$ cat entry_34.cif   # mmCIF, C-alpha atoms
data_data
#
loop_
_atom_site.label_atom_id
_atom_site.label_comp_id
_atom_site.auth_asym_id
_atom_site.auth_seq_id
_atom_site.Cartn_x
_atom_site.Cartn_y
_atom_site.Cartn_z
CA MET X 1 74.00 57.68 163.96
CA GLN X 2 74.18 56.22 167.45
CA GLU X 3 73.16 59.54 168.95
CA TYR X 4 70.07 59.64 166.73
CA ILE X 5 69.08 56.13 167.77
CA TYR X 6 69.57 57.01 171.43
CA ASP X 7 67.57 60.24 171.03
CA PHE X 8 64.80 58.35 169.22
CA LEU X 9 64.57 55.68 171.94
CA SER X 10 64.71 58.35 174.66
CA SER X 11 61.60 59.97 173.22
CA PHE X 12 59.60 56.90 174.31
CA ASN X 13 60.61 57.36 177.97
CA LEU X 14 61.67 53.73 178.23
CA PRO X 15 63.07 52.40 181.48
CA PRO X 16 66.89 52.61 181.43
CA ARG X 17 67.31 48.82 181.61
CA LEU X 18 65.08 48.28 178.58
CA MET X 19 66.94 51.03 176.70
CA ILE X 20 70.25 49.24 177.38
CA VAL X 21 68.88 45.92 176.08
CA LEU X 22 67.40 47.57 172.97
CA LEU X 23 70.57 49.52 172.17
CA SER X 24 72.70 46.39 172.50
CA THR X 25 70.34 44.46 170.22
CA LEU X 26 70.46 46.93 167.32
CA PRO X 27 73.05 46.45 164.55
CA VAL X 28 74.45 49.98 164.55
CA THR X 29 74.84 50.37 168.30
CA GLU X 30 75.28 46.89 169.81
CA LEU X 31 76.99 46.81 173.20
CA ARG X 32 79.69 49.15 171.96
CA ALA X 33 77.14 51.92 172.55
CA SER X 34 74.86 50.41 175.19
CA ILE X 35 77.60 49.99 177.78
CA PRO X 36 78.99 53.56 177.65
CA LEU X 37 75.48 55.02 177.44
CA GLY X 38 74.20 52.78 180.24
CA ILE X 39 77.02 53.67 182.60
CA LEU X 40 77.75 57.29 181.66
CA VAL X 41 74.42 58.70 180.44
CA LEU X 42 71.72 56.52 181.99
CA LYS X 43 73.71 56.27 185.26
CA GLN X 44 73.10 52.53 185.63
CA GLY X 45 75.41 50.26 187.60
CA VAL X 46 78.38 48.70 185.83
CA ARG X 47 77.27 45.12 186.60
CA ASP X 48 73.67 45.63 185.46
CA THR X 49 74.74 47.44 182.29
CA PHE X 50 77.33 44.73 181.53
CA PHE X 51 74.88 41.82 181.84
CA LEU X 52 71.93 43.55 180.15
CA SER X 53 74.18 44.49 177.23
CA ILE X 54 75.40 40.91 176.85
CA ILE X 55 71.83 39.58 176.87
CA GLY X 56 70.70 42.16 174.33
CA ASN X 57 73.69 41.57 172.06
CA ILE X 58 73.22 37.78 172.07
CA LEU X 59 69.51 38.04 171.14
CA PRO X 60 70.06 38.69 167.38
CA ILE X 61 72.38 35.71 166.80
CA ALA X 62 69.74 33.12 165.87
CA PRO X 63 67.48 35.48 163.87
CA VAL X 64 70.39 36.82 161.80
CA TYR X 65 71.75 33.33 161.21
CA PHE X 66 68.46 31.65 160.31
CA LEU X 67 66.48 34.47 158.69
CA LEU X 68 69.14 36.12 156.55
CA GLU X 69 68.80 33.88 153.52
CA PRO X 70 64.98 33.55 153.40
CA VAL X 71 64.40 37.25 154.10
CA SER X 72 66.97 38.40 151.54
CA ARG X 73 65.60 36.00 148.93
CA ARG X 74 62.03 37.17 149.55
CA LEU X 75 62.82 40.88 149.57
CA SER X 76 65.22 40.84 146.62
CA GLY X 77 62.29 40.99 144.20
CA THR X 78 62.61 44.75 143.95
CA GLU X 79 65.63 46.41 142.36
CA PHE X 80 66.35 48.53 145.43
CA MET X 81 66.35 45.58 147.84
CA ARG X 82 68.35 43.39 145.46
CA LYS X 83 71.05 46.07 145.30
CA PHE X 84 70.91 46.54 149.07
CA PHE X 85 71.50 42.83 149.74
CA GLU X 86 74.25 42.67 147.10
CA TRP X 87 75.96 45.62 148.79
CA LEU X 88 75.49 44.08 152.27
CA PHE X 89 76.79 40.65 151.26
CA ASN X 90 79.76 42.09 149.36
CA LYS X 91 80.66 44.28 152.33
CA ALA X 92 80.45 41.26 154.65
CA LYS X 93 82.52 39.08 152.31
CA LYS X 94 85.30 41.69 152.33
CA LYS X 95 85.51 41.31 156.12
CA SER X 96 85.23 37.52 156.17
CA GLY X 97 88.94 36.62 156.00
CA LEU X 98 89.45 36.00 159.72
CA ILE X 99 86.27 33.94 160.00
CA GLU X 100 86.92 32.05 156.79
CA LYS X 101 90.42 31.12 157.91
CA TYR X 102 89.82 30.28 161.58
CA GLU X 103 86.05 29.57 161.58
CA ALA X 104 84.67 29.62 165.15
CA LEU X 105 87.82 31.10 166.68
CA GLY X 106 87.90 33.74 163.95
CA LEU X 107 84.22 34.52 164.54
CA MET X 108 84.83 34.92 168.28
CA LEU X 109 87.71 37.34 167.63
CA PHE X 110 85.77 39.21 164.94
CA VAL X 111 82.82 39.75 167.29
CA GLY X 112 84.97 40.25 170.39
CA ILE X 113 87.36 42.94 169.23
CA PRO X 114 85.26 46.12 169.22
CA PHE X 115 86.32 47.82 166.00
CA PRO X 116 83.95 49.66 163.66
CA GLY X 117 82.23 47.25 161.30
CA THR X 118 82.72 44.24 163.55
CA GLY X 119 80.19 42.80 165.94
CA VAL X 120 77.62 40.10 166.31
CA TRP X 121 75.40 41.23 163.42
CA THR X 122 78.19 41.27 160.83
CA GLY X 123 79.85 38.19 162.32
CA CYS X 124 76.66 36.11 162.17
CA LEU X 125 75.90 37.41 158.69
CA ILE X 126 79.35 36.19 157.57
CA ALA X 127 78.91 32.86 159.39
CA ALA X 128 75.58 32.34 157.60
CA LEU X 129 77.12 33.25 154.23
CA LEU X 130 79.96 30.80 154.87
CA ARG X 131 77.41 28.17 155.91
CA MET X 132 79.01 27.55 159.29
CA ARG X 133 77.02 25.24 161.54
CA PHE X 134 74.73 27.01 164.01
CA ALA X 135 76.02 25.56 167.31
CA PRO X 136 79.65 26.66 166.76
CA THR X 137 78.39 30.00 165.41
CA PHE X 138 76.24 30.61 168.49
CA ILE X 139 78.96 29.61 170.95
CA ALA X 140 81.70 31.61 169.19
CA ALA X 141 79.51 34.69 168.70
CA SER X 142 78.36 34.56 172.35
CA ALA X 143 81.97 34.25 173.54
CA GLY X 144 82.87 37.20 171.31
CA VAL X 145 80.02 39.24 172.79
CA MET X 146 81.32 38.54 176.29
CA MET X 147 84.86 39.44 175.22
CA ALA X 148 83.67 42.71 173.68
CA ALA X 149 81.60 43.47 176.79
CA VAL X 150 84.66 43.13 179.02
CA ILE X 151 86.77 45.35 176.75
CA VAL X 152 84.10 48.06 176.35
CA THR X 153 83.22 48.02 180.06
CA VAL X 154 86.86 48.33 181.14
CA LEU X 155 87.46 51.20 178.69
CA THR X 156 84.24 52.93 179.81
CA VAL X 157 85.10 52.66 183.50
CA ILE X 158 88.66 53.89 182.86
CA GLY X 159 87.24 56.80 180.86
CA LYS X 160 84.76 57.59 183.61
CA ILE X 161 87.50 57.62 186.24
CA ALA X 162 89.87 59.66 184.07
CA PHE X 163 87.32 62.35 183.29
#
$ encode --input "entry_34.cif" --output "structure tokens"
Amino acid sequence: MQEYIYDFLSSFNLPPRLMIVLLSTLPVTELRASIPLGILVLKQGVRDTFFLSIIGNILPIAPVYFLLEPVSRRLSGTEFMRKFFEWLFNKAKKKSGLIEKYEALGLMLFVGIPFPGTGVWTGCLIAALLRMRFAPTFIAASAGVMMAAVIVTVLTVIGKIAF
């Protein structure tokens, strides 16, 4: 899926820096894809890729947090969208244990440890479903983004050196 998104964005001949920000903003790719692609494929500097990916990955926090409920309520009028949001919310609730138990710290760890299905989009969706306050959500999710950026950057640089 990430390859298709990258190929699609590449077809627009976007500047590499903009591509990195866009990839890190999207829910499927986030910075888990933008950092390796920025460094290895787009041949951008480690520092630039690191900071652009953090900026792009922090951008969706407020929209996901504040728009999730009104958008899902408005779009759930059709059977297809109602089922989609039920599936999405159920999937998020299954992953909410860490955040439910430890709140902001759990959110930071959930966002910061780059496993499949974790990240800022899912973390903020869970925080909104649990009705966490926005300020702690934003701070914890941002800290998690920075944590994930360090981990992914280190692994990417090690991989680049090793191969």
$ atom_distance --input "entry_34.cif" --atom1 "CA of Phe134 (chain X)" --atom2 "CA of Tyr65 (chain X)"
7.5 Å
$ residues_near_point --input "entry_34.cif" --point "(88.5, 41.5, 163.3)" --cutoff "10 Å" --atoms "all atoms listed in the file" --output "list of chain:residue names"
X:Lys95, X:Ser96, X:Gly97, X:Leu98, X:Ile99, X:Gly106, X:Leu107, X:Met108, X:Leu109, X:Phe110, X:Val111, X:Gly112, X:Ile113, X:Pro114, X:Phe115, X:Pro116, X:Gly117, X:Thr118, X:Gly119, X:Gly123
$ write_last_selection --input "entry_34.cif" --atoms "C-alpha atoms" --output "mmCIF file, in the coordinates of the input"
data_model
loop_
_atom_site.group_PDB
_atom_site.id
_atom_site.type_symbol
_atom_site.label_atom_id
_atom_site.label_comp_id
_atom_site.auth_asym_id
_atom_site.auth_seq_id
_atom_site.Cartn_x
_atom_site.Cartn_y
_atom_site.Cartn_z
ATOM 1 C CA LYS X 95 85.510 41.310 156.120
ATOM 2 C CA SER X 96 85.230 37.520 156.170
ATOM 3 C CA GLY X 97 88.940 36.620 156.000
ATOM 4 C CA LEU X 98 89.450 36.000 159.720
ATOM 5 C CA ILE X 99 86.270 33.940 160.000
ATOM 6 C CA GLY X 106 87.900 33.740 163.950
ATOM 7 C CA LEU X 107 84.220 34.520 164.540
ATOM 8 C CA MET X 108 84.830 34.920 168.280
ATOM 9 C CA LEU X 109 87.710 37.340 167.630
ATOM 10 C CA PHE X 110 85.770 39.210 164.940
ATOM 11 C CA VAL X 111 82.820 39.750 167.290
ATOM 12 C CA GLY X 112 84.970 40.250 170.390
ATOM 13 C CA ILE X 113 87.360 42.940 169.230
ATOM 14 C CA PRO X 114 85.260 46.120 169.220
ATOM 15 C CA PHE X 115 86.320 47.820 166.000
ATOM 16 C CA PRO X 116 83.950 49.660 163.660
ATOM 17 C CA GLY X 117 82.230 47.250 161.300
ATOM 18 C CA THR X 118 82.720 44.240 163.550
ATOM 19 C CA GLY X 119 80.190 42.800 165.940
ATOM 20 C CA GLY X 123 79.850 38.190 162.320
#
$ closest_residue --input "entry_34.cif" --among "X:Phe12, X:Tyr4, X:Trp121, X:Tyr102" --to "Val145 (chain X)" --atoms "only C-alpha atoms"
X:Trp121
$ residues_near_point --input "entry_34.cif" --point "(75.1, 33.7, 158.8)" --cutoff "9 Å" --atoms "all atoms listed in the file" --output "ChimeraX atom specification"
/X:61-62,64-69,121-132,134,137
$ atom_distance --input "entry_34.cif" --atom1 "CA of Leu155 (chain X)" --atom2 "CA of Ile35 (chain X)"
10.0 Å
$ atom_distance --input "entry_34.cif" --atom1 "CA of Pro36 (chain X)" --atom2 "CA of Thr153 (chain X)"
7.4 Å
$ resolve_selection --input "entry_34.cif" --expression "the PyMOL selection byres ((chain X and resi 53) around 7)" --output "list in words"
Ile20, Val21, Ser24, Leu31, Ser34, Ile35, Thr49, Phe50, Phe51, Leu52, Ile54, Ile55, Gly56 and Asn57 of chain X
$ write_last_selection --input "entry_34.cif" --atoms "C-alpha atoms" --output "PDB file, keeping the file's coordinate frame"
ATOM      1  CA  ILE X  20      70.250  49.240 177.380  1.00  0.00           C
ATOM      2  CA  VAL X  21      68.880  45.920 176.080  1.00  0.00           C
ATOM      3  CA  SER X  24      72.700  46.390 172.500  1.00  0.00           C
ATOM      4  CA  LEU X  31      76.990  46.810 173.200  1.00  0.00           C
ATOM      5  CA  SER X  34      74.860  50.410 175.190  1.00  0.00           C
ATOM      6  CA  ILE X  35      77.600  49.990 177.780  1.00  0.00           C
ATOM      7  CA  THR X  49      74.740  47.440 182.290  1.00  0.00           C
ATOM      8  CA  PHE X  50      77.330  44.730 181.530  1.00  0.00           C
ATOM      9  CA  PHE X  51      74.880  41.820 181.840  1.00  0.00           C
ATOM     10  CA  LEU X  52      71.930  43.550 180.150  1.00  0.00           C
ATOM     11  CA  ILE X  54      75.400  40.910 176.850  1.00  0.00           C
ATOM     12  CA  ILE X  55      71.830  39.580 176.870  1.00  0.00           C
ATOM     13  CA  GLY X  56      70.700  42.160 174.330  1.00  0.00           C
ATOM     14  CA  ASN X  57      73.690  41.570 172.060  1.00  0.00           C
TER      15      ASN X  57
END
$ closest_residue --input "entry_34.cif" --among "X:Leu22, X:Pro15, X:Met146, X:Ile39" --to "Gly159 (chain X)" --atoms "all atoms listed in the file"
X:Ile39
$ residues_around --input "entry_34.cif" --residues "Pro16 (chain X)" --least-positions-apart "5" --cutoff "10 Å" --atoms "only C-alpha atoms" --output "list in words"
Ser10, Val21, Leu22, Leu37, Gly38, Val41, Leu42, Lys43, Gln44 and Thr49 of chain X
$ closest_residue --input "entry_34.cif" --among "X:Val152, X:Leu40, X:Ile158, X:Ala33" --to "Ile5 (chain X)" --atoms "all atoms listed in the file"
X:Ala33
$ residues_around --input "entry_34.cif" --residues "Ile58 (chain X)" --least-positions-apart "6" --cutoff "9 Å" --atoms "all atoms listed in the file" --output "mmCIF file with C-alpha atoms, keeping the file's coordinate frame"
data_model
loop_
_atom_site.group_PDB
_atom_site.id
_atom_site.type_symbol
_atom_site.label_atom_id
_atom_site.label_comp_id
_atom_site.auth_asym_id
_atom_site.auth_seq_id
_atom_site.Cartn_x
_atom_site.Cartn_y
_atom_site.Cartn_z
ATOM 1 C CA SER X 24 72.700 46.390 172.500
ATOM 2 C CA THR X 25 70.340 44.460 170.220
ATOM 3 C CA VAL X 120 77.620 40.100 166.310
ATOM 4 C CA PHE X 138 76.240 30.610 168.490
ATOM 5 C CA ALA X 141 79.510 34.690 168.700
ATOM 6 C CA SER X 142 78.360 34.560 172.350
ATOM 7 C CA VAL X 145 80.020 39.240 172.790
#
$ closest_residue --input "entry_34.cif" --among "X:Glu103, X:Glu79, X:Glu86, X:Glu30" --to "Pro136 (chain X)" --atoms "all atoms listed in the file"
X:Glu103
$ build_atoms --input "entry_34.cif" --residues "region 48-78 of chain X" --atoms "N, CA and C atoms" --output "short mmCIF file (atom, residue, chain, number, x, y, z; two decimals), in the coordinates of the input"
data_model
loop_
_atom_site.label_atom_id
_atom_site.label_comp_id
_atom_site.auth_asym_id
_atom_site.auth_seq_id
_atom_site.Cartn_x
_atom_site.Cartn_y
_atom_site.Cartn_z
N ASP X 48 74.95 45.74 186.17
CA ASP X 48 73.67 45.63 185.46
C ASP X 48 73.83 45.95 183.98
N THR X 49 74.53 47.03 183.68
CA THR X 49 74.74 47.44 182.29
C THR X 49 75.50 46.35 181.53
N PHE X 50 76.52 45.79 182.14
CA PHE X 50 77.33 44.73 181.53
C PHE X 50 76.45 43.54 181.15
N PHE X 51 75.68 43.02 182.11
CA PHE X 51 74.88 41.82 181.84
C PHE X 51 73.70 42.09 180.90
N LEU X 52 73.04 43.22 181.05
CA LEU X 52 71.93 43.55 180.15
C LEU X 52 72.43 43.73 178.71
N SER X 53 73.60 44.31 178.56
CA SER X 53 74.18 44.49 177.23
C SER X 53 74.55 43.16 176.59
N ILE X 54 75.08 42.24 177.38
CA ILE X 54 75.40 40.91 176.85
C ILE X 54 74.13 40.21 176.40
N ILE X 55 73.11 40.23 177.22
CA ILE X 55 71.83 39.58 176.87
C ILE X 55 71.28 40.18 175.57
N GLY X 56 71.23 41.50 175.52
CA GLY X 56 70.70 42.16 174.33
C GLY X 56 71.51 41.88 173.08
N ASN X 57 72.83 41.78 173.22
CA ASN X 57 73.69 41.57 172.06
C ASN X 57 73.67 40.12 171.57
N ILE X 58 73.33 39.19 172.46
CA ILE X 58 73.22 37.78 172.07
C ILE X 58 71.87 37.51 171.38
N LEU X 59 70.86 38.27 171.70
CA LEU X 59 69.51 38.04 171.14
C LEU X 59 69.45 37.94 169.61
N PRO X 60 70.18 38.76 168.85
CA PRO X 60 70.06 38.69 167.38
C PRO X 60 70.78 37.51 166.71
N ILE X 61 71.57 36.75 167.44
CA ILE X 61 72.38 35.71 166.80
C ILE X 61 71.52 34.75 165.98
N ALA X 62 70.56 34.11 166.59
CA ALA X 62 69.74 33.12 165.87
C ALA X 62 68.92 33.75 164.75
N PRO X 63 68.22 34.88 164.98
CA PRO X 63 67.48 35.48 163.87
C PRO X 63 68.35 35.85 162.67
N VAL X 64 69.51 36.45 162.92
CA VAL X 64 70.39 36.82 161.80
C VAL X 64 70.83 35.56 161.07
N TYR X 65 71.24 34.56 161.81
CA TYR X 65 71.75 33.33 161.21
C TYR X 65 70.67 32.61 160.39
N PHE X 66 69.49 32.45 160.97
CA PHE X 66 68.46 31.65 160.31
C PHE X 66 67.58 32.42 159.32
N LEU X 67 67.41 33.72 159.53
CA LEU X 67 66.48 34.47 158.69
C LEU X 67 67.14 35.24 157.55
N LEU X 68 68.45 35.35 157.57
CA LEU X 68 69.14 36.12 156.55
C LEU X 68 68.81 35.65 155.14
N GLU X 69 69.01 34.38 154.88
CA GLU X 69 68.80 33.88 153.52
C GLU X 69 67.34 33.97 153.08
N PRO X 70 66.37 33.46 153.87
CA PRO X 70 64.98 33.55 153.40
C PRO X 70 64.46 34.98 153.26
N VAL X 71 64.86 35.86 154.17
CA VAL X 71 64.40 37.25 154.10
C VAL X 71 65.02 37.94 152.89
N SER X 72 66.32 37.75 152.68
CA SER X 72 66.97 38.40 151.54
C SER X 72 66.42 37.88 150.22
N ARG X 73 66.16 36.58 150.16
CA ARG X 73 65.60 36.00 148.93
C ARG X 73 64.21 36.57 148.66
N ARG X 74 63.40 36.67 149.70
CA ARG X 74 62.03 37.17 149.55
C ARG X 74 61.99 38.65 149.17
N LEU X 75 62.85 39.44 149.80
CA LEU X 75 62.82 40.88 149.57
C LEU X 75 63.58 41.32 148.32
N SER X 76 64.40 40.46 147.77
CA SER X 76 65.22 40.84 146.62
C SER X 76 64.43 40.94 145.32
N GLY X 77 63.13 40.86 145.39
CA GLY X 77 62.29 40.99 144.20
C GLY X 77 62.30 42.39 143.62
N THR X 78 62.55 43.38 144.45
CA THR X 78 62.61 44.75 143.95
C THR X 78 64.07 45.11 143.68
#
